[in-house]
Amino acid sequence: MDKPSRSAQTWAATAGAAALAVGAWYLLPVEDWLRAFSDWANGLGPYGLLAFGVLFFLATLLVVPGTPLTIAGAVAFGWAVMPVVLFSATLGSWLAFVAARHLFRERVRGLIERRPALNATVEAVGDGGWRLMTLMRLSPFVPFNAQNYVFGVTDVRTSAYLVSTVIGMLPGTVVCVYLGVIGRHAGSDEPTHWITLGLGLGLLATVAAVELTRRRVRAKLEAGKLKLGKAGAR
């Protein structure tokens, strides 16, 4: 009874997030915002791409969602923005990871150590290697930039972290840039199709990541109880 209930909650939460994202796309003046950003960026001339790269780098460090920025950048610069996004995001993610591991480790740890289940989740992700991290990177409903700091306090290797970061952000970046490129040629309804497809893939990735993490968390908690039981027996 417990398992179906949790699965239903997971599906409901992710489906709700997808519905909100699609609704926002239709209800908010997104096109006007994108055009305004494009005019500003192109007004900087040859320094436009450089300014965008710095902005994206700072957004990564400040845990600002990168999806709207990527689409806006593609509206302004087309496919030329893709290597800028990948480089800036990778550099920012690595710096956040290093900062969490060496500068803010105790502060980040302090935010989770009071919650045993959350602490076990962090340990499970850290032990899961690049495969589990890549799944989490692929999910648009798990904040990408926030993960950079969380992964920094795990035992995951830097190489595995970087691999999962690059692989995980590549599909979403391609889709977002493609959306922006279509936006450069106004008058097409195709972006709706691609947004729906991206949300669907993200939903599947989210469910997979949640289930894998839950299993690892359960294993961690059971192992901890077993150790406590043995210690008490002594």
# chains A, B, ... in the order shown; residues from 1 in each chain; ligands from 1

$ residues_around --residues "Arg131 in chain A" --least-positions-apart "2" --cutoff "10 Å" --atoms "only C-alpha atoms" --output "PyMOL selection string"
chain A and resi 125+128-129+133-137+160-161+163-164+167-168+209

$ closest_residue --among "A:Phe97, A:Arg184, A:Pro68, A:Cys176" --to "Ser159 in chain A" --atoms "only C-alpha atoms"
A:Phe97

$ closest_residue --among "A:Leu44, A:Leu61, A:Ala51, A:Ala36" --to "Val98 in chain A" --atoms "only C-alpha atoms"
A:Leu61

$ closest_residue --among "A:Val174, A:Ile112, A:Val150, A:Leu132" --to "Val81 in chain A" --atoms "only C-alpha atoms"
A:Val174

$ residues_around --residues "Ser38 in chain A" --least-positions-apart "2" --cutoff "10 Å" --atoms "only C-alpha atoms" --output "ChimeraX atom specification"
/A:32-36,40-43,48,72-77,184

$ atom_distance --atom1 "CA of Val156 in chain A" --atom2 "CA of Thr173 in chain A"
24.0 Å
